[in-house]
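Visitor: First the structure, then my questions, so here it is.
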Amino acid sequence: MAGILGVYANLDSLLESVEELKRQNFRDLDVYSPAPRPELEEAVKPPISPVRVYTLIGGLLGATFGYWVAIWTSEYWPLVVGGKAIASWIPYTVIGFEMFVLVGSLATVAGMFINSRVPKLTLTIGFDTRFTHGDYGIFVRCTPERASAAEALLHQYGAEEVRSES
């Protein structure tokens, strides 16, 4: 989808633009910054990352697998000592915890790659290399009918350069 790209030298102007764009129901925004800024995150309010679900599911599967392997091994090669139970959960907690951490961390890495779409097979529309050197930017995805309104708004709030991208 096409959109409008605005380049800003000042963070405050960019923040004002983001607020006004949201007031005028432009919701699909990409904001670029040379360094992480909490003001931008607060203004854009990105959705909660789904990576935490990958971590939880991976951890629970890992703990289940850890307990299962330990209990299966004890049942397959039993060492009966003093009439104690062959499979007791207490000594296998260490193995379950270690598998929880291992599989949970691997699932977290997999979730990060999946949700960040790595490797990226297409070029990023709306990115300018100036955003890595000190300028700020905003890319507004919009229909051609609303492009002129977005362009005027970006100019109104002090964008140094505004151009159409597709």
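Residue names in the structure tokens use chain letters A, B, ... in the order shown, residue numbers from 1 in each chain, and ligand numbers from 1 in the order shown.
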Determine, counting only C-alpha atoms, which protein, DNA and RNA residues have an atom within 6 Å of an atom of range 26-35 of chain A; residues of the same chain fewer than 6 positions away are not included. Present the result as a PyMOL selection string.
Guide: chain A and resi 131-132+134+136-141
Visitor: I need the chosen residues saved as a PDB file, in the first residue's frame, with all heavy atoms.
Guide:
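Wrote selection-v6.pdb, looks like this:
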ATOM      1  N   PHE A 131      17.288   8.579   8.586  1.00  0.00           N
ATOM      2  CA  PHE A 131      16.726   8.249   9.887  1.00  0.00           C
ATOM      3  C   PHE A 131      17.733   7.554  10.789  1.00  0.00           C
ATOM      4  O   PHE A 131      17.522   7.445  11.984  1.00  0.00           O
ATOM      5  CB  PHE A 131      15.486   7.376   9.725  1.00  0.00           C
ATOM      6  CG  PHE A 131      14.404   7.996   8.893  1.00  0.00           C
ATOM      7  CD1 PHE A 131      13.567   7.209   8.137  1.00  0.00           C
ATOM      8  CD2 PHE A 131      14.232   9.369   8.844  1.00  0.00           C
ATOM      9  CE1 PHE A 131      12.575   7.764   7.365  1.00  0.00           C
ATOM     10  CE2 PHE A 131      13.244   9.945   8.074  1.00  0.00           C
ATOM     11  CZ  PHE A 131      12.412   9.133   7.331  1.00  0.00           C
ATOM     12  N   THR A 132      18.830   7.079  10.235  1.00  0.00           N
ATOM     13  CA  THR A 132      19.876   6.463  11.046  1.00  0.00           C
ATOM     14  C   THR A 132      20.944   7.465  11.464  1.00  0.00           C
ATOM     15  O   THR A 132      21.825   7.118  12.241  1.00  0.00           O
ATOM     16  CB  THR A 132      20.551   5.313  10.276  1.00  0.00           C
ATOM     17  OG1 THR A 132      21.182   5.838   9.113  1.00  0.00           O
ATOM     18  CG2 THR A 132      19.551   4.249   9.892  1.00  0.00           C
ATOM     19  N   GLY A 134      20.204  10.927  12.473  1.00  0.00           N
ATOM     20  CA  GLY A 134      19.793  12.036  13.311  1.00  0.00           C
ATOM     21  C   GLY A 134      18.450  12.633  12.978  1.00  0.00           C
ATOM     22  O   GLY A 134      17.890  13.381  13.770  1.00  0.00           O
ATOM     23  N   TYR A 136      14.297  12.355  12.055  1.00  0.00           N
ATOM     24  CA  TYR A 136      13.149  11.542  12.437  1.00  0.00           C
ATOM     25  C   TYR A 136      12.215  11.447  11.242  1.00  0.00           C
ATOM     26  O   TYR A 136      12.192  12.325  10.393  1.00  0.00           O
ATOM     27  CB  TYR A 136      12.402  12.174  13.616  1.00  0.00           C
ATOM     28  CG  TYR A 136      13.253  12.297  14.845  1.00  0.00           C
ATOM     29  CD1 TYR A 136      13.954  13.471  15.107  1.00  0.00           C
ATOM     30  CD2 TYR A 136      13.362  11.253  15.735  1.00  0.00           C
ATOM     31  CE1 TYR A 136      14.749  13.584  16.233  1.00  0.00           C
ATOM     32  CE2 TYR A 136      14.153  11.360  16.862  1.00  0.00           C
ATOM     33  CZ  TYR A 136      14.846  12.527  17.106  1.00  0.00           C
ATOM     34  OH  TYR A 136      15.629  12.632  18.216  1.00  0.00           O
ATOM     35  N   GLY A 137      11.439  10.386  11.197  1.00  0.00           N
ATOM     36  CA  GLY A 137      10.540  10.230  10.067  1.00  0.00           C
ATOM     37  C   GLY A 137       9.256   9.557  10.447  1.00  0.00           C
ATOM     38  O   GLY A 137       9.160   8.862  11.462  1.00  0.00           O
ATOM     39  N   ILE A 138       8.267   9.774   9.597  1.00  0.00           N
ATOM     40  CA  ILE A 138       6.982   9.110   9.771  1.00  0.00           C
ATOM     41  C   ILE A 138       6.472   8.721   8.396  1.00  0.00           C
ATOM     42  O   ILE A 138       6.561   9.489   7.442  1.00  0.00           O
ATOM     43  CB  ILE A 138       5.978  10.016  10.509  1.00  0.00           C
ATOM     44  CG1 ILE A 138       4.683   9.268  10.761  1.00  0.00           C
ATOM     45  CG2 ILE A 138       5.712  11.294   9.743  1.00  0.00           C
ATOM     46  CD1 ILE A 138       3.784   9.974  11.748  1.00  0.00           C
ATOM     47  N   PHE A 139       6.002   7.486   8.312  1.00  0.00           N
ATOM     48  CA  PHE A 139       5.407   6.983   7.081  1.00  0.00           C
ATOM     49  C   PHE A 139       3.954   6.675   7.374  1.00  0.00           C
ATOM     50  O   PHE A 139       3.637   5.881   8.266  1.00  0.00           O
ATOM     51  CB  PHE A 139       6.137   5.732   6.589  1.00  0.00           C
ATOM     52  CG  PHE A 139       5.574   5.167   5.322  1.00  0.00           C
ATOM     53  CD1 PHE A 139       5.704   5.856   4.128  1.00  0.00           C
ATOM     54  CD2 PHE A 139       4.903   3.964   5.316  1.00  0.00           C
ATOM     55  CE1 PHE A 139       5.184   5.343   2.953  1.00  0.00           C
ATOM     56  CE2 PHE A 139       4.387   3.440   4.156  1.00  0.00           C
ATOM     57  CZ  PHE A 139       4.527   4.135   2.967  1.00  0.00           C
ATOM     58  N   VAL A 140       3.058   7.307   6.637  1.00  0.00           N
ATOM     59  CA  VAL A 140       1.623   7.154   6.838  1.00  0.00           C
ATOM     60  C   VAL A 140       1.061   6.344   5.675  1.00  0.00           C
ATOM     61  O   VAL A 140       1.101   6.799   4.535  1.00  0.00           O
ATOM     62  CB  VAL A 140       0.919   8.537   6.891  1.00  0.00           C
ATOM     63  CG1 VAL A 140      -0.556   8.364   7.184  1.00  0.00           C
ATOM     64  CG2 VAL A 140       1.581   9.445   7.891  1.00  0.00           C
ATOM     65  N   ARG A 141       0.584   5.146   5.946  1.00  0.00           N
ATOM     66  CA  ARG A 141      -0.070   4.347   4.911  1.00  0.00           C
ATOM     67  C   ARG A 141      -1.504   4.847   4.777  1.00  0.00           C
ATOM     68  O   ARG A 141      -2.239   4.884   5.763  1.00  0.00           O
ATOM     69  CB  ARG A 141      -0.071   2.875   5.279  1.00  0.00           C
ATOM     70  CG  ARG A 141       1.259   2.228   5.096  1.00  0.00           C
ATOM     71  CD  ARG A 141       1.207   0.739   5.421  1.00  0.00           C
ATOM     72  NE  ARG A 141       2.523   0.171   5.375  1.00  0.00           N
ATOM     73  CZ  ARG A 141       3.405   0.227   6.365  1.00  0.00           C
ATOM     74  NH1 ARG A 141       3.099   0.839   7.468  1.00  0.00           N
ATOM     75  NH2 ARG A 141       4.589  -0.314   6.243  1.00  0.00           N
TER      76      ARG A 141
END
Visitor: Fewer than 6 positions away in the same chain doesn't count, so skip those; otherwise give me all residues within 9 Å of Ser164 in chain A, counting only C-alpha atoms, as a short mmCIF file (atom, residue, chain, number, x, y, z; two decimals) with C-alpha atoms, in the first residue's frame.
Guide:
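Below is the file that was written, part11.cif:
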data_model
loop_
_atom_site.label_atom_id
_atom_site.label_comp_id
_atom_site.auth_asym_id
_atom_site.auth_seq_id
_atom_site.Cartn_x
_atom_site.Cartn_y
_atom_site.Cartn_z
CA ALA A 2 1.25 3.45 -0.84
CA GLY A 3 1.68 6.25 1.60
CA ILE A 4 3.28 9.55 2.50
CA LEU A 5 6.73 9.93 4.05
CA GLY A 6 7.63 12.94 6.18
CA GLY A 126 9.03 4.45 3.63
CA ALA A 147 -2.94 11.23 0.70
CA GLU A 151 0.64 15.46 3.10
#
Visitor: To one decimal place in Å, what is the distance between CA of Tyr92 in chain A and CA of Ala107 in chain A?
Guide: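 If I compute the distance from CA of Tyr92 in chain A to CA of Ala107 in chain A, I get 22.1 Å.
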Visitor: Run DSSP on the backbone and tell me which residues of chain A come out as strand (DSSP E); list them as a JSON list (two decimals) with N, CA, C and O atoms, in the first residue's frame.
Guide:
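Output file states.json is given in full below:
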[["chain", "number", "residue", "atom", "x", "y", "z"],
["A", 3, "GLY", "N", 1.83, 5.34, 0.49],
["A", 3, "GLY", "CA", 1.68, 6.25, 1.60],
["A", 3, "GLY", "C", 2.51, 7.50, 1.43],
["A", 3, "GLY", "O", 3.10, 7.74, 0.37],
["A", 4, "ILE", "N", 2.56, 8.28, 2.49],
["A", 4, "ILE", "CA", 3.28, 9.55, 2.50],
["A", 4, "ILE", "C", 4.38, 9.47, 3.54],
["A", 4, "ILE", "O", 4.17, 9.01, 4.67],
["A", 5, "LEU", "N", 5.58, 9.93, 3.16],
["A", 5, "LEU", "CA", 6.73, 9.93, 4.05],
["A", 5, "LEU", "C", 7.07, 11.37, 4.41],
["A", 5, "LEU", "O", 7.19, 12.22, 3.54],
["A", 6, "GLY", "N", 7.22, 11.62, 5.70],
["A", 6, "GLY", "CA", 7.63, 12.94, 6.18],
["A", 6, "GLY", "C", 8.93, 12.84, 6.93],
["A", 6, "GLY", "O", 9.13, 11.92, 7.72],
["A", 7, "VAL", "N", 9.85, 13.78, 6.68],
["A", 7, "VAL", "CA", 11.16, 13.80, 7.34],
["A", 7, "VAL", "C", 11.21, 15.02, 8.26],
["A", 7, "VAL", "O", 10.91, 16.13, 7.84],
["A", 8, "TYR", "N", 11.61, 14.80, 9.51],
["A", 8, "TYR", "CA", 11.65, 15.85, 10.51],
["A", 8, "TYR", "C", 13.05, 15.94, 11.11],
["A", 8, "TYR", "O", 13.71, 14.93, 11.31],
["A", 29, "LEU", "N", 0.70, 3.87, 11.00],
["A", 29, "LEU", "CA", 1.87, 4.74, 11.00],
["A", 29, "LEU", "C", 3.13, 3.94, 11.30],
["A", 29, "LEU", "O", 3.12, 3.04, 12.14],
["A", 30, "ASP", "N", 4.22, 4.29, 10.62],
["A", 30, "ASP", "CA", 5.54, 3.79, 10.98],
["A", 30, "ASP", "C", 6.38, 5.01, 11.34],
["A", 30, "ASP", "O", 6.49, 5.95, 10.54],
["A", 31, "VAL", "N", 6.96, 4.99, 12.53],
["A", 31, "VAL", "CA", 7.77, 6.12, 12.99],
["A", 31, "VAL", "C", 9.22, 5.66, 13.05],
["A", 31, "VAL", "O", 9.52, 4.59, 13.59],
["A", 32, "TYR", "N", 10.12, 6.48, 12.51],
["A", 32, "TYR", "CA", 11.55, 6.15, 12.48],
["A", 32, "TYR", "C", 12.32, 7.14, 13.33],
["A", 32, "TYR", "O", 12.06, 8.34, 13.31],
["A", 136, "TYR", "N", 14.30, 12.36, 12.05],
["A", 136, "TYR", "CA", 13.15, 11.54, 12.44],
["A", 136, "TYR", "C", 12.22, 11.45, 11.24],
["A", 136, "TYR", "O", 12.19, 12.32, 10.39],
["A", 137, "GLY", "N", 11.44, 10.39, 11.20],
["A", 137, "GLY", "CA", 10.54, 10.23, 10.07],
["A", 137, "GLY", "C", 9.26, 9.56, 10.45],
["A", 137, "GLY", "O", 9.16, 8.86, 11.46],
["A", 138, "ILE", "N", 8.27, 9.77, 9.60],
["A", 138, "ILE", "CA", 6.98, 9.11, 9.77],
["A", 138, "ILE", "C", 6.47, 8.72, 8.40],
["A", 138, "ILE", "O", 6.56, 9.49, 7.44],
["A", 139, "PHE", "N", 6.00, 7.49, 8.31],
["A", 139, "PHE", "CA", 5.41, 6.98, 7.08],
["A", 139, "PHE", "C", 3.95, 6.67, 7.37],
["A", 139, "PHE", "O", 3.64, 5.88, 8.27],
["A", 140, "VAL", "N", 3.06, 7.31, 6.64],
["A", 140, "VAL", "CA", 1.62, 7.15, 6.84],
["A", 140, "VAL", "C", 1.06, 6.34, 5.68],
["A", 140, "VAL", "O", 1.10, 6.80, 4.53],
["A", 141, "ARG", "N", 0.58, 5.15, 5.95],
["A", 141, "ARG", "CA", -0.07, 4.35, 4.91],
["A", 141, "ARG", "C", -1.50, 4.85, 4.78],
["A", 141, "ARG", "O", -2.24, 4.88, 5.76],
["A", 161, "GLU", "N", 10.71, 17.55, 4.59],
["A", 161, "GLU", "CA", 10.45, 16.97, 3.27],
["A", 161, "GLU", "C", 9.25, 16.04, 3.39],
["A", 161, "GLU", "O", 9.14, 15.29, 4.35],
["A", 162, "VAL", "N", 8.36, 16.12, 2.43],
["A", 162, "VAL", "CA", 7.20, 15.23, 2.36],
["A", 162, "VAL", "C", 7.14, 14.70, 0.94],
["A", 162, "VAL", "O", 7.17, 15.46, -0.01],
["A", 163, "ARG", "N", 7.07, 13.37, 0.83],
["A", 163, "ARG", "CA", 6.98, 12.77, -0.50],
["A", 163, "ARG", "C", 6.11, 11.53, -0.48],
["A", 163, "ARG", "O", 5.93, 10.90, 0.56],
["A", 164, "SER", "N", 5.59, 11.21, -1.63],
["A", 164, "SER", "CA", 4.75, 10.04, -1.79],
["A", 164, "SER", "C", 5.63, 8.82, -2.06],
["A", 164, "SER", "O", 6.61, 8.91, -2.80],
["A", 165, "GLU", "N", 5.29, 7.70, -1.43],
["A", 165, "GLU", "CA", 6.03, 6.46, -1.61],
["A", 165, "GLU", "C", 5.05, 5.38, -2.01],
["A", 165, "GLU", "O", 3.92, 5.34, -1.56]]
Visitor: Just the alpha helix (DSSP H) stuff from range 6-166 of chain A, please, per backbone DSSP, written as a PyMOL selection string.
Guide: chain A and resi 11-23+38-44+51-76+89-115+144-156
